[in-house]
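Notes for the one structure printed next.
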Amino acid sequence: MKGFVEVSLYLTLVSLRVIQIFSCPDVCSCLRGVIDCYGKGLYFIPEDMEVDTHTMLMAYNKITALKTLSFNKYPYLQCLELQNNVISNIDPQAFRHLHNLSSLDLSSNQLTTLKPEVFRPLSRLTALNLGNNRLARLYPGVLEPLVNLQILYLHNNALTGLRVEILYNLPVLKQLRLDGNPWMCTCQIQYLLSWMIDNAQKVNEKERTLCGVPKYLDQFPIMKIERDSFDHCQQYFTLFEYLYILSVGIALFFLSILLCLLTGSAIVCYERLLLRAHRRPRVYKKKTDRKRPSVSNGHHIPVCRI
């Protein structure tokens, strides 16, 4: 009887532990690996949900940040929807264990920047939506780990330019949205334009991808600009090149002044050493007289004076 009670108590504790570990948030619904928390007023990612979760729907909540290892307990996650929250910060380690993630929606948040290493674990990601944020620039290496990315949405942000290397590092890209950004249609956009023309079948919303500046091209479709319009750009430097040349010139100027000062100081020191050498008094040794004193023989006769 005592053994039966002990076994029953043990099974009860194990059952409670399993329920505690693999629980579903009260406000959400969980079924067959899908956790649906759409519009539940959540301020953070719930913890201790099913480990074998493959789809997590967290859109239309009040989540402000994705913290370190927010999803470390869900290695099988394949689809993650976080659109329409108020996310302004993503920790570089937030997606560390999501090696199986294939779809990530971060649209309609308040992202202003993305750290270069934030997407490093997501090598299997095929779809990324960053639209409707406040991104003003993308670092060149931020999307480089996404070698399997096929869909990229960057629409409705604050992008004025985009380094074309970012797109060349996405070898299997099939869909790209760039509309809704205030693109700067000056010399710096010629390489992006060339990529868009060469890959026109990949660019969605072409007619809505418009220039923001300069004023005479405001709201003009980027892809309607002729490539010949940038022929004159070869005669000019970009702003970065101007700043680089200016900084190099200033550095060389100060180095030349320093070199002149060092050279002048060395010459002055050398002249002073020579002057001191010429003014140094010379000491001459007097030769000793080695003549033998005269010797008189006999006695001196006193002389009497009268």
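In the structure tokens, each chain is lettered A, B, ... as it comes, each chain's residues begin at 1, and ligands are numbered from 1 in order of appearance.
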
### Task
Check the DSSP output for the backbone and give back, as number ranges by chain, the residues of stretch 128-263 of chain A in strand (DSSP E or B).
A: 128-129, 151-153, 175-177, 183-184, 203-204, 210-213, 221

Could you take the residues named above and write them with all heavy atoms, as a tab-separated table (two decimals), in the first residue's frame?
chain	number	residue	atom	x	y	z
A	128	LEU	N	11.55	37.42	-45.26
A	128	LEU	CA	11.77	38.42	-44.21
A	128	LEU	C	11.01	39.69	-44.59
A	128	LEU	O	11.23	40.27	-45.65
A	128	LEU	CB	13.26	38.73	-44.07
A	128	LEU	CG	13.63	39.85	-43.09
A	128	LEU	CD1	13.19	39.51	-41.68
A	128	LEU	CD2	15.14	40.13	-43.14
A	129	ASN	N	10.12	40.11	-43.67
A	129	ASN	CA	9.33	41.32	-43.89
A	129	ASN	C	9.73	42.38	-42.87
A	129	ASN	O	9.49	42.22	-41.68
A	129	ASN	CB	7.84	41.00	-43.77
A	129	ASN	CG	6.96	42.16	-44.24
A	129	ASN	OD1	7.44	43.28	-44.42
A	129	ASN	ND2	5.69	41.88	-44.46
A	151	ILE	N	12.45	36.14	-50.28
A	151	ILE	CA	11.50	37.26	-50.23
A	151	ILE	C	12.00	38.28	-49.22
A	151	ILE	O	12.25	37.93	-48.06
A	151	ILE	CB	10.09	36.77	-49.84
A	151	ILE	CG1	9.58	35.73	-50.85
A	151	ILE	CG2	9.12	37.95	-49.75
A	151	ILE	CD1	8.26	35.07	-50.43
A	152	LEU	N	12.15	39.52	-49.66
A	152	LEU	CA	12.61	40.59	-48.79
A	152	LEU	C	11.74	41.83	-49.01
A	152	LEU	O	11.68	42.35	-50.13
A	152	LEU	CB	14.07	40.93	-49.07
A	152	LEU	CG	14.65	42.13	-48.30
A	152	LEU	CD1	14.61	41.89	-46.80
A	152	LEU	CD2	16.07	42.42	-48.77
A	153	TYR	N	11.09	42.29	-47.95
A	153	TYR	CA	10.25	43.48	-48.01
A	153	TYR	C	10.88	44.58	-47.16
A	153	TYR	O	11.07	44.41	-45.95
A	153	TYR	CB	8.83	43.18	-47.52
A	153	TYR	CG	8.00	42.34	-48.47
A	153	TYR	CD1	6.78	41.80	-48.06
A	153	TYR	CD2	8.43	42.06	-49.76
A	153	TYR	CE1	6.00	41.04	-48.92
A	153	TYR	CE2	7.67	41.29	-50.62
A	153	TYR	CZ	6.47	40.78	-50.20
A	153	TYR	OH	5.71	40.02	-51.06
A	175	GLN	N	11.83	38.01	-54.69
A	175	GLN	CA	10.90	39.12	-54.54
A	175	GLN	C	11.51	40.20	-53.65
A	175	GLN	O	12.05	39.89	-52.59
A	175	GLN	CB	9.58	38.66	-53.93
A	175	GLN	CG	8.78	37.69	-54.80
A	175	GLN	CD	7.45	37.36	-54.17
A	175	GLN	OE1	6.77	38.23	-53.62
A	175	GLN	NE2	7.05	36.10	-54.26
A	176	LEU	N	11.39	41.46	-54.11
A	176	LEU	CA	11.95	42.59	-53.37
A	176	LEU	C	10.99	43.76	-53.45
A	176	LEU	O	10.54	44.14	-54.54
A	176	LEU	CB	13.31	42.99	-53.94
A	176	LEU	CG	13.96	44.24	-53.34
A	176	LEU	CD1	14.32	44.02	-51.88
A	176	LEU	CD2	15.18	44.64	-54.15
A	177	ARG	N	10.67	44.36	-52.28
A	177	ARG	CA	9.84	45.57	-52.24
A	177	ARG	C	10.65	46.72	-51.65
A	177	ARG	O	11.19	46.61	-50.54
A	177	ARG	CB	8.58	45.35	-51.40
A	177	ARG	CG	7.47	44.60	-52.13
A	177	ARG	CD	6.16	44.68	-51.37
A	177	ARG	NE	5.67	46.06	-51.27
A	177	ARG	CZ	4.53	46.40	-50.65
A	177	ARG	NH1	3.79	45.47	-50.08
A	177	ARG	NH2	4.15	47.66	-50.62
A	183	TRP	N	13.73	57.79	-51.61
A	183	TRP	CA	15.01	57.50	-52.26
A	183	TRP	C	15.70	58.76	-52.78
A	183	TRP	O	15.06	59.63	-53.36
A	183	TRP	CB	14.81	56.51	-53.41
A	183	TRP	CG	14.30	55.18	-52.94
A	183	TRP	CD1	13.05	54.69	-53.08
A	183	TRP	CD2	15.05	54.19	-52.24
A	183	TRP	NE1	12.95	53.44	-52.51
A	183	TRP	CE2	14.17	53.11	-51.97
A	183	TRP	CE3	16.36	54.10	-51.80
A	183	TRP	CZ2	14.58	51.97	-51.30
A	183	TRP	CZ3	16.77	52.96	-51.13
A	183	TRP	CH2	15.89	51.91	-50.89
A	184	MET	N	17.00	58.83	-52.57
A	184	MET	CA	17.80	59.94	-53.05
A	184	MET	C	18.32	59.60	-54.44
A	184	MET	O	19.27	58.83	-54.59
A	184	MET	CB	18.95	60.23	-52.10
A	184	MET	CG	19.79	61.43	-52.48
A	184	MET	SD	21.14	61.74	-51.29
A	184	MET	CE	20.18	62.19	-49.84
A	203	VAL	N	11.59	42.79	-58.70
A	203	VAL	CA	11.17	43.99	-57.99
A	203	VAL	C	9.65	44.13	-58.06
A	203	VAL	O	9.07	44.26	-59.15
A	203	VAL	CB	11.84	45.25	-58.59
A	203	VAL	CG1	11.42	46.50	-57.81
A	203	VAL	CG2	13.36	45.09	-58.58
A	204	ASN	N	9.01	44.13	-56.92
A	204	ASN	CA	7.57	44.36	-56.84
A	204	ASN	C	7.27	45.85	-56.67
A	204	ASN	O	8.11	46.61	-56.19
A	204	ASN	CB	6.97	43.59	-55.65
A	204	ASN	CG	7.09	42.09	-55.81
A	204	ASN	OD1	7.39	41.59	-56.89
A	204	ASN	ND2	6.86	41.36	-54.74
A	210	LEU	N	9.53	55.34	-55.79
A	210	LEU	CA	9.69	56.70	-56.30
A	210	LEU	C	10.87	57.42	-55.65
A	210	LEU	O	11.30	57.09	-54.54
A	210	LEU	CB	8.41	57.51	-56.05
A	210	LEU	CG	7.09	56.84	-56.48
A	210	LEU	CD1	5.92	57.70	-56.04
A	210	LEU	CD2	7.08	56.61	-57.97
A	211	CYS	N	11.34	58.43	-56.37
A	211	CYS	CA	12.39	59.29	-55.83
A	211	CYS	C	11.80	60.24	-54.80
A	211	CYS	O	10.64	60.65	-54.90
A	211	CYS	CB	13.03	60.11	-56.95
A	211	CYS	SG	13.86	59.13	-58.23
A	212	GLY	N	12.62	60.61	-53.83
A	212	GLY	CA	12.22	61.61	-52.84
A	212	GLY	C	12.95	62.93	-53.05
A	212	GLY	O	12.37	63.99	-52.93
A	213	VAL	N	14.21	62.83	-53.40
A	213	VAL	CA	15.05	63.98	-53.72
A	213	VAL	C	15.93	63.60	-54.91
A	213	VAL	O	16.15	62.41	-55.15
A	213	VAL	CB	15.92	64.39	-52.51
A	213	VAL	CG1	15.09	64.99	-51.42
A	213	VAL	CG2	16.74	63.21	-51.99
A	221	PRO	N	9.27	57.74	-60.76
A	221	PRO	CA	9.65	56.32	-60.63
A	221	PRO	C	11.15	56.11	-60.90
A	221	PRO	O	11.67	56.55	-61.93
A	221	PRO	CB	8.79	55.62	-61.68
A	221	PRO	CG	7.64	56.54	-61.90
A	221	PRO	CD	8.18	57.93	-61.73

task = Could you please write out, as a PyMOL selection string, every residue of stretch 11-162 of chain A that DSSP assigns to helix (DSSP H, G or I)?
result = chain A and resi 11-21

Could those residues be written to a file, using N, CA and C atoms, as a compact mmCIF listing (two decimals), in the first residue's frame?
# COMPACT_ATOMS: atom_id res chain seq x y z
N LEU A 11 3.99 9.98 -9.90
CA LEU A 11 3.34 10.23 -11.19
C LEU A 11 2.61 11.57 -11.20
N THR A 12 2.00 11.89 -10.05
CA THR A 12 1.30 13.18 -9.97
C THR A 12 2.28 14.34 -10.11
N LEU A 13 3.42 14.24 -9.43
CA LEU A 13 4.43 15.30 -9.52
C LEU A 13 4.97 15.42 -10.93
N VAL A 14 5.22 14.27 -11.57
CA VAL A 14 5.71 14.29 -12.95
C VAL A 14 4.69 14.93 -13.87
N SER A 15 3.41 14.59 -13.67
CA SER A 15 2.35 15.16 -14.51
C SER A 15 2.27 16.67 -14.34
N LEU A 16 2.35 17.11 -13.08
CA LEU A 16 2.32 18.56 -12.83
C LEU A 16 3.51 19.26 -13.46
N ARG A 17 4.67 18.59 -13.40
CA ARG A 17 5.87 19.17 -13.99
C ARG A 17 5.73 19.28 -15.51
N VAL A 18 5.19 18.25 -16.12
CA VAL A 18 4.98 18.27 -17.57
C VAL A 18 4.02 19.37 -17.96
N ILE A 19 2.93 19.53 -17.18
CA ILE A 19 1.95 20.58 -17.47
C ILE A 19 2.60 21.95 -17.32
N GLN A 20 3.47 22.06 -16.32
CA GLN A 20 4.13 23.34 -16.09
C GLN A 20 5.09 23.68 -17.22
N ILE A 21 5.83 22.65 -17.70
CA ILE A 21 6.81 22.89 -18.75
C ILE A 21 6.14 23.13 -20.08

Separating atom CA of A:Phe230 from atom CA of A:Val164, to the nearest tenth of an Å, is a gap of 16.1 Å

### Task
With a distance cut-off of 6 Å and only C-alpha atoms, select the neighbouring residues of stretch 83-89 of chain A, excluding the residue or stretch itself and same-chain residues fewer than 3 positions from it, and output the selection as a list in words.
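The contact residues come out as Ala59, Tyr60, Asn61, Lys62, Ile63, Thr64, Ala65, Asp105, Leu106, Ser107, Ser108, Asn109, Gln110 and Leu111 of chain A.
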
### Query
By how many Å are atom CA of A:Ala158 and atom CA of A:Leu193 apart?
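Atom-to-atom, atom CA of A:Ala158 and atom CA of A:Leu193 are spaced 17.8 Å apart.
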
Between atom CA of A:Cys187 and atom CA of A:Leu243, what is the spacing in Å?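 About the pair atom CA of A:Leu243 and atom CA of A:Cys187: they are 15.9 Å apart.
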
- Message: From the options A:Leu192, A:Gly141, A:Asn181, A:Tyr216, which residue's atoms come nearest to A:Asn169, counting only C-alpha atoms?
- Response: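 Looking only at the distances to A:Asn169, the closest residue turns out to be A:Gly141.
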
**Asked** Between A:Arg32, A:Arg272, A:Lys73, A:Lys202, which is the closest to A:Ile45 once you count only C-alpha atoms?
**Response**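 The shortest atom-to-atom distance to A:Ile45 comes from A:Lys73.
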
Need the shell around A:Pro214: protein/DNA/RNA residues with any atom at most 9 Å away, counting only C-alpha atoms. Skip same-chain ones fewer than 4 positions apart. Format as a tab-separated table (two decimals) with N, CA and C atoms, in the first residue's frame?
chain	number	residue	atom	x	y	z
A	184	MET	N	17.00	58.83	-52.57
A	184	MET	CA	17.80	59.94	-53.05
A	184	MET	C	18.32	59.60	-54.44
A	185	CYS	N	17.71	60.16	-55.46
A	185	CYS	CA	18.03	59.80	-56.85
A	185	CYS	C	19.16	60.69	-57.38
A	186	THR	N	20.31	60.57	-56.76
A	186	THR	CA	21.51	61.26	-57.21
A	186	THR	C	22.50	60.21	-57.68
A	218	ASP	N	11.13	64.48	-57.56
A	218	ASP	CA	10.23	64.05	-56.49
A	218	ASP	C	9.03	63.31	-57.07

Residues within 8 Å of A:Leu57, please, as a list of chain:residue names. Count only C-alpha atoms; anything in the same chain fewer than 5 positions from it doesn't count. A:Val34, A:Ile35, A:Asp36, A:Cys37, A:Tyr38, A:Leu80, A:Glu81, A:Leu82
